[in-house]
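To be precise, the following lines are structure-v4.pdb, and they hold PDB, C-alpha atoms.
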```pdb
ATOM      1  CA  MET A   1      55.125  -6.167  -9.245
ATOM      2  CA  LYS A   2      52.600  -8.966  -8.939
ATOM      3  CA  ARG A   3      50.123  -6.580  -7.376
ATOM      4  CA  LEU A   4      50.666  -4.028 -10.131
ATOM      5  CA  LEU A   5      49.931  -6.720 -12.697
ATOM      6  CA  GLN A   6      46.774  -7.651 -10.819
ATOM      7  CA  LEU A   7      45.623  -4.037 -10.930
ATOM      8  CA  VAL A   8      46.355  -3.702 -14.647
ATOM      9  CA  VAL A   9      44.439  -6.909 -15.398
ATOM     10  CA  LEU A  10      41.600  -5.651 -13.208
ATOM     11  CA  ILE A  11      41.394  -2.336 -15.085
ATOM     12  CA  LEU A  12      41.500  -4.066 -18.464
ATOM     13  CA  ALA A  13      38.860  -6.616 -17.508
ATOM     14  CA  VAL A  14      36.489  -4.091 -15.968
ATOM     15  CA  GLY A  15      37.093  -1.628 -18.816
ATOM     16  CA  GLY A  16      36.416  -4.273 -21.444
ATOM     17  CA  VAL A  17      33.199  -5.425 -19.829
ATOM     18  CA  SER A  18      32.036  -1.823 -19.355
ATOM     19  CA  PHE A  19      32.834  -1.011 -22.988
ATOM     20  CA  GLY A  20      30.877  -4.012 -24.241
ATOM     21  CA  VAL A  21      27.874  -3.402 -22.004
ATOM     22  CA  THR A  22      27.776   0.290 -22.955
ATOM     23  CA  ARG A  23      27.927  -0.504 -26.674
ATOM     24  CA  TRP A  24      25.188  -3.088 -26.260
ATOM     25  CA  LEU A  25      22.933  -0.748 -24.313
ATOM     26  CA  ALA A  26      23.573   2.185 -26.651
ATOM     27  CA  ARG A  27      23.079   0.223 -29.862
ATOM     28  CA  GLU A  28      20.596   1.557 -32.380
ATOM     29  CA  GLN A  29      18.465  -0.490 -34.673
ATOM     30  CA  PRO A  30      19.232   0.461 -38.273
ATOM     31  CA  PRO A  31      16.309   2.217 -39.962
ATOM     32  CA  ALA A  32      14.070  -0.101 -41.950
ATOM     33  CA  ASP A  33      14.043   2.206 -44.993
ATOM     34  CA  SER A  34      15.014   5.664 -46.165
ATOM     35  CA  LEU A  35      11.755   7.181 -44.962
ATOM     36  CA  GLU A  36      12.357   5.925 -41.446
ATOM     37  CA  TRP A  37      15.917   7.244 -41.589
ATOM     38  CA  MET A  38      14.706  10.685 -42.680
ATOM     39  CA  THR A  39      11.965  10.702 -40.070
ATOM     40  CA  ARG A  40      14.437   9.903 -37.325
ATOM     41  CA  GLU A  41      17.372  11.990 -38.520
ATOM     42  CA  PHE A  42      15.505  15.078 -39.729
ATOM     43  CA  SER A  43      12.692  15.020 -37.148
ATOM     44  CA  LEU A  44       9.880  14.829 -39.677
ATOM     45  CA  SER A  45       6.348  15.502 -38.555
ATOM     46  CA  ALA A  46       3.595  13.093 -39.576
ATOM     47  CA  ASP A  47       2.530  15.472 -42.374
ATOM     48  CA  GLN A  48       6.082  15.883 -43.658
ATOM     49  CA  ARG A  49       6.581  12.150 -43.592
ATOM     50  CA  ALA A  50       3.351  11.525 -45.483
ATOM     51  CA  ALA A  51       4.258  14.130 -48.116
ATOM     52  CA  ILE A  52       7.697  12.585 -48.643
ATOM     53  CA  ALA A  53       6.164   9.105 -48.837
ATOM     54  CA  ARG A  54       3.874  10.334 -51.633
ATOM     55  CA  LEU A  55       6.810  11.911 -53.461
ATOM     56  CA  GLN A  56       8.812   8.708 -53.178
ATOM     57  CA  ALA A  57       5.929   6.598 -54.472
ATOM     58  CA  ASP A  58       5.522   8.890 -57.478
ATOM     59  CA  TYR A  59       9.236   9.016 -58.142
ATOM     60  CA  ALA A  60       9.621   5.233 -57.940
ATOM     61  CA  VAL A  61       7.847   4.932 -61.305
ATOM     62  CA  VAL A  62      10.151   7.514 -62.900
ATOM     63  CA  TYR A  63      13.215   5.941 -61.326
ATOM     64  CA  GLU A  64      12.366   2.494 -62.620
ATOM     65  CA  ALA A  65      11.676   3.804 -66.123
ATOM     66  CA  HIS A  66      15.048   5.582 -66.133
ATOM     67  CA  CYS A  67      16.872   2.460 -64.985
ATOM     68  CA  VAL A  68      15.225   0.395 -67.729
ATOM     69  CA  ALA A  69      16.005   3.036 -70.364
ATOM     70  CA  ILE A  70      19.666   3.222 -69.342
ATOM     71  CA  MET A  71      20.075  -0.538 -69.424
ATOM     72  CA  ALA A  72      18.354  -0.718 -72.834
ATOM     73  CA  ALA A  73      20.562   2.045 -74.264
ATOM     74  CA  ARG A  74      23.616   0.331 -72.895
ATOM     75  CA  ASP A  75      22.568  -3.002 -74.406
ATOM     76  CA  ALA A  76      21.956  -1.259 -77.719
ATOM     77  CA  GLY A  77      25.362   0.408 -77.540
ATOM     78  CA  ASP A  78      23.898   3.842 -78.147
ATOM     79  CA  PRO A  79      26.247   6.487 -76.682
ATOM     80  CA  ALA A  80      24.106   9.407 -77.839
ATOM     81  CA  GLU A  81      21.052   8.028 -76.048
ATOM     82  CA  LEU A  82      23.141   7.278 -72.969
ATOM     83  CA  LYS A  83      24.401  10.847 -72.946
ATOM     84  CA  ARG A  84      20.842  12.160 -73.203
ATOM     85  CA  LEU A  85      19.655   9.813 -70.436
ATOM     86  CA  GLU A  86      22.485  10.912 -68.218
ATOM     87  CA  THR A  87      21.261  14.500 -68.419
ATOM     88  CA  VAL A  88      17.621  13.521 -67.998
ATOM     89  CA  CYS A  89      18.307  11.289 -64.990
ATOM     90  CA  THR A  90      20.580  13.799 -63.290
ATOM     91  CA  THR A  91      17.938  16.512 -63.664
ATOM     92  CA  ALA A  92      15.103  14.268 -62.485
ATOM     93  CA  THR A  93      17.047  12.933 -59.498
ATOM     94  CA  ARG A  94      18.098  16.388 -58.399
ATOM     95  CA  ALA A  95      14.543  17.702 -58.794
ATOM     96  CA  HIS A  96      13.211  14.842 -56.673
ATOM     97  CA  LEU A  97      15.822  15.424 -54.006
ATOM     98  CA  HIS A  98      14.969  19.108 -53.769
ATOM     99  CA  ALA A  99      11.239  18.287 -53.698
ATOM    100  CA  VAL A 100      11.871  15.989 -50.725
ATOM    101  CA  ALA A 101      13.973  18.663 -49.022
ATOM    102  CA  ALA A 102      11.191  21.197 -49.564
ATOM    103  CA  CYS A 103       8.943  19.082 -47.332
ATOM    104  CA  MET A 104      11.351  19.493 -44.406
ATOM    105  CA  ASP A 105      12.017  22.380 -42.080
ATOM    106  CA  PRO A 106      14.563  24.794 -43.609
ATOM    107  CA  ALA A 107      17.465  23.854 -41.347
ATOM    108  CA  ALA A 108      16.791  20.132 -41.762
ATOM    109  CA  ALA A 109      16.457  20.604 -45.542
ATOM    110  CA  ARG A 110      19.851  22.292 -45.741
ATOM    111  CA  ARG A 111      21.450  19.510 -43.742
ATOM    112  CA  PHE A 112      19.660  16.856 -45.808
ATOM    113  CA  LEU A 113      20.840  18.349 -49.104
ATOM    114  CA  ALA A 114      24.384  18.842 -47.809
ATOM    115  CA  LEU A 115      24.446  15.186 -46.784
ATOM    116  CA  VAL A 116      22.835  13.531 -49.816
ATOM    117  CA  GLU A 117      23.493  15.773 -52.814
ATOM    118  CA  PRO A 118      27.266  15.222 -52.960
ATOM    119  CA  LYS A 119      26.605  11.481 -53.181
ATOM    120  CA  LEU A 120      24.574  11.687 -56.393
ATOM    121  CA  ALA A 121      26.320  10.534 -59.545
ATOM    122  CA  GLY A 122      25.688  13.813 -61.367
ATOM    123  CA  HIS A 123      27.435  15.714 -58.596
ATOM    124  CA  ARG A 124      30.767  14.118 -59.374
ATOM    125  CA  HIS A 125      33.051  15.342 -62.097
ATOM    126  CA  GLU A 126      33.039  12.074 -63.916
ATOM    127  CA  ALA A 127      30.872  10.347 -66.454
ATOM    128  CA  PRO A 128      28.611   8.013 -64.435
ATOM    129  CA  LEU A 129      27.685   5.956 -67.450
ATOM    130  CA  GLY A 130      31.261   5.576 -68.550
ATOM    131  CA  LEU A 131      30.845   8.005 -71.431
ATOM    132  CA  PRO A 132      33.772  10.110 -72.563
TER     133      PRO A 132
ATOM    134  CA  MET B   1      77.468   9.234  60.092
ATOM    135  CA  ASN B   2      75.185   9.940  57.248
ATOM    136  CA  HIS B   3      72.583   7.366  56.426
ATOM    137  CA  ASP B   4      71.496   7.450  52.770
ATOM    138  CA  PRO B   5      67.908   6.136  52.388
ATOM    139  CA  LEU B   6      68.370   5.780  48.637
ATOM    140  CA  SER B   7      71.106   3.176  49.131
ATOM    141  CA  ASP B   8      68.786   1.155  51.352
ATOM    142  CA  ARG B   9      66.053   1.361  48.756
ATOM    143  CA  LEU B  10      68.388   0.288  45.976
ATOM    144  CA  ARG B  11      69.600  -2.647  48.028
ATOM    145  CA  GLU B  12      66.039  -3.803  48.621
ATOM    146  CA  TRP B  13      64.926  -3.275  45.022
ATOM    147  CA  ALA B  14      64.504  -6.397  42.947
ATOM    148  CA  LEU B  15      62.975  -6.829  39.522
ATOM    149  CA  PRO B  16      59.826  -8.914  39.454
ATOM    150  CA  PRO B  17      60.212 -12.069  37.405
ATOM    151  CA  PRO B  18      58.776 -11.694  33.887
ATOM    152  CA  ALA B  19      55.348 -13.134  33.323
ATOM    153  CA  PHE B  20      55.783 -16.442  31.593
ATOM    154  CA  ASP B  21      53.463 -17.316  28.717
ATOM    155  CA  PRO B  22      53.897 -20.997  27.915
ATOM    156  CA  ALA B  23      52.075 -20.573  24.538
ATOM    157  CA  PHE B  24      54.213 -17.633  23.357
ATOM    158  CA  ALA B  25      56.865 -19.708  21.587
ATOM    159  CA  ALA B  26      54.265 -21.889  19.946
ATOM    160  CA  ARG B  27      52.441 -18.843  18.614
ATOM    161  CA  VAL B  28      55.649 -17.402  17.173
ATOM    162  CA  GLN B  29      56.425 -20.690  15.441
ATOM    163  CA  THR B  30      52.947 -20.857  14.003
ATOM    164  CA  ARG B  31      53.233 -17.357  12.541
ATOM    165  CA  LEU B  32      56.693 -18.070  11.165
ATOM    166  CA  HIS B  33      55.466 -21.161   9.370
ATOM    167  CA  ALA B  34      52.397 -19.431   8.028
ATOM    168  CA  GLY B  35      54.596 -17.137   5.850
ATOM    169  CA  PRO B  36      53.638 -13.708   4.579
ATOM    170  CA  SER B  37      49.970 -12.770   4.285
ATOM    171  CA  THR B  38      48.487 -13.575   0.867
ATOM    172  CA  GLY B  39      45.230 -11.680   1.294
ATOM    173  CA  TRP B  40      44.546  -8.186  -0.022
ATOM    174  CA  SER B  41      45.557  -5.554   2.463
ATOM    175  CA  GLY B  42      43.388  -2.581   3.202
ATOM    176  CA  ALA B  43      45.449  -0.204   1.073
ATOM    177  CA  PHE B  44      45.485  -2.626  -1.822
ATOM    178  CA  ARG B  45      41.743  -3.053  -1.616
ATOM    179  CA  LEU B  46      41.338   0.691  -1.777
ATOM    180  CA  THR B  47      43.604   0.890  -4.831
ATOM    181  CA  ALA B  48      41.733  -1.986  -6.465
ATOM    182  CA  ALA B  49      38.415  -0.219  -5.895
ATOM    183  CA  ALA B  50      39.838   2.921  -7.496
ATOM    184  CA  CYS B  51      41.027   0.816 -10.431
ATOM    185  CA  VAL B  52      37.551  -0.691 -10.836
ATOM    186  CA  LEU B  53      36.068   2.799 -10.968
ATOM    187  CA  LEU B  54      38.724   3.883 -13.448
ATOM    188  CA  GLY B  55      38.076   0.831 -15.632
ATOM    189  CA  VAL B  56      34.316   1.390 -15.600
ATOM    190  CA  GLY B  57      34.777   5.060 -16.461
ATOM    191  CA  MET B  58      37.130   4.337 -19.335
ATOM    192  CA  GLY B  59      34.947   1.519 -20.671
ATOM    193  CA  VAL B  60      31.728   3.553 -20.583
ATOM    194  CA  ALA B  61      33.413   6.601 -22.135
ATOM    195  CA  GLY B  62      34.919   4.460 -24.880
ATOM    196  CA  GLY B  63      31.604   2.702 -25.513
ATOM    197  CA  LEU B  64      29.764   5.995 -25.872
ATOM    198  CA  ARG B  65      32.380   7.569 -28.123
ATOM    199  CA  ALA B  66      32.847   4.601 -30.436
ATOM    200  CA  PRO B  67      31.192   5.151 -33.836
ATOM    201  CA  ALA B  68      27.776   3.627 -34.371
ATOM    202  CA  GLY B  69      27.306   0.803 -36.831
ATOM    203  CA  HIS B  70      25.239   2.837 -39.297
ATOM    204  CA  SER B  71      26.541   6.336 -39.796
ATOM    205  CA  ASN B  72      24.576   9.090 -41.471
ATOM    206  CA  GLU B  73      27.089   9.052 -44.299
ATOM    207  CA  GLN B  74      26.366   5.400 -45.007
ATOM    208  CA  LEU B  75      22.605   5.897 -44.805
ATOM    209  CA  ALA B  76      22.748   8.967 -47.025
ATOM    210  CA  ALA B  77      24.816   7.059 -49.588
ATOM    211  CA  ALA B  78      22.274   4.219 -49.576
ATOM    212  CA  TYR B  79      19.463   6.728 -50.027
ATOM    213  CA  ALA B  80      21.285   8.464 -52.895
ATOM    214  CA  ARG B  81      21.725   5.111 -54.597
ATOM    215  CA  SER B  82      18.034   4.352 -54.154
ATOM    216  CA  ILE B  83      16.955   7.521 -55.999
ATOM    217  CA  ASP B  84      19.715   7.863 -58.591
ATOM    218  CA  PRO B  85      19.345   5.576 -61.647
ATOM    219  CA  LEU B  86      22.885   6.424 -62.716
ATOM    220  CA  LEU B  87      24.305   5.048 -59.482
ATOM    221  CA  MET B  88      21.985   2.063 -59.539
ATOM    222  CA  THR B  89      22.816   1.080 -63.118
ATOM    223  CA  ALA B  90      26.510   1.676 -62.448
ATOM    224  CA  ASP B  91      26.222  -0.743 -59.515
ATOM    225  CA  ALA B  92      24.420  -3.251 -61.739
ATOM    226  CA  ARG B  93      27.179  -2.920 -64.341
ATOM    227  CA  GLY B  94      29.750  -3.574 -61.636
ATOM    228  CA  GLY B  95      28.004  -6.784 -60.701
ATOM    229  CA  HIS B  96      26.090  -5.504 -57.658
ATOM    230  CA  ALA B  97      22.659  -6.887 -57.028
ATOM    231  CA  HIS B  98      19.551  -4.794 -57.424
ATOM    232  CA  PRO B  99      18.127  -4.059 -53.933
TER     233      PRO B  99
END
```

Taking this structure as input, can you express it in the form of structure tokens?
Amino acid sequence: MKRLLQLVVLILAVGGVSFGVTRWLAREQPPADSLEWMTREFSLSADQRAAIARLQADYAVVYEAHCVAIMAARDAGDPAELKRLETVCTTATRAHLHAVAACMDPAAARRFLALVEPKLAGHRHEAPLGLP
Amino acid sequence: MNHDPLSDRLREWALPPPAFDPAFAARVQTRLHAGPSTGWSGAFRLTAAACVLLGVGMGVAGGLRAPAGHSNEQLAAAYARSIDPLLMTADARGGHAHP
């Protein structure tokens, strides 16, 4: 019985150490930004990466303007403007996403869209801005 | 009169005295007082080695199959939030910080 216990403790100890060492050796550094994630996950070439970086830089201006407009409309308590912005933002976001996907290889683009598109606010059947 | 040579031989036959080892009793006492062996026997060592291999195998397999810290789902959700003003402003409304 004592020997059996020794063997069980041995297996648990060795298994635990092996598990920890394997996890430590197999750890991945999280990507620094979305572009690095896309490059790694969707095997972007240097040209594809550069094209997506340009798209993201251009879209950042649009994105910021939309955020400011939504916050202003919300502060003003203007539901009609919020409703209009919801449509505008959903369209612009989706267009940007598809433009990014168009820079990728077809299979990667399909996987990219299948992964990201369901997570956009406009994809859900709910009012993202809290409108009725 | 018949003379049986076997009877003569049997009469002459005598067992040799056993070899006497004066240290025999002392050795027996020493072993008796030492008690059972506490070391790992050969069979137990073999079993222990098999257990080490089993533990390493299970640990490595578990380490490789355990989910990574940053899944694609999490990264995709973060990316969606970074391009969708509706999500970002909803986060801001809920008290989340702007990244």

Contacts of Ala50 of chain B within 10 Å, all atoms listed in the file, excl. fewer than 5 positions in-chain, as a ChimeraX atom specification: /A:7,11 /B:44-45,55-56

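In this comparison, which uses all atoms listed in the file, the residue of A:Asp78, A:Asp47, A:Glu86, A:Glu36 approaching chain B most closely is A:Glu86.
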
Please identify every residue of chain A that has at least one atom no more than 7 Å from any atom of chain B, counting all atoms listed in the file, and report them as number ranges by chain. A: 7, 10-12, 14-16, 18-20, 22-23, 30, 34, 63, 66-67, 89, 93, 115-116, 119-121, 128-129

To box segment 62-67 of chain B, take all atoms listed in the file, fit an axis-aligned box, add 5 Å on each side, and give centre and edge lengths in Å to one decimal, as lines of an AutoDock Vina configuration file.
```
center_x = 32.3
center_y = 5.1
center_z = -29.4
size_x = 15.2
size_y = 14.9
size_z = 19.0
```

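For the pair atom CA of Gln74 of chain B and atom CA of Ala26 of chain A, the separation is 18.8 Å.
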
Would you compute the distance between atom CA of Leu35 of chain A and atom CA of Arg49 of chain A? Give it in Å to one decimal.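 Answer for the atom CA of Leu35 of chain A to atom CA of Arg49 of chain A separation: 7.3 Å.
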
If the PyMOL selection byres ((chain A and resi 111) around 12) were run on this exact file, what residues would it hold? Put them as a list in words. Met38, Glu41, Phe42, Ser43, His98, Ala101, Ala102, Met104, Asp105, Pro106, Ala107, Ala108, Ala109, Arg110, Phe112, Leu113, Ala114, Leu115, Val116, Glu117 and Pro118 of chain A; Asn72, Glu73 and Ala76 of chain B

For the atom pair atom CA of Ala69 of chain A and atom CA of Thr91 of chain A, what is the interatomic distance in Å to one decimal place? 15.2 Å

Answer as number ranges by chain, residues within 12 Å of (6.3, 20.3, -55.7) using only C-alpha atoms: A: 51-52, 54-55, 58-59, 95-103
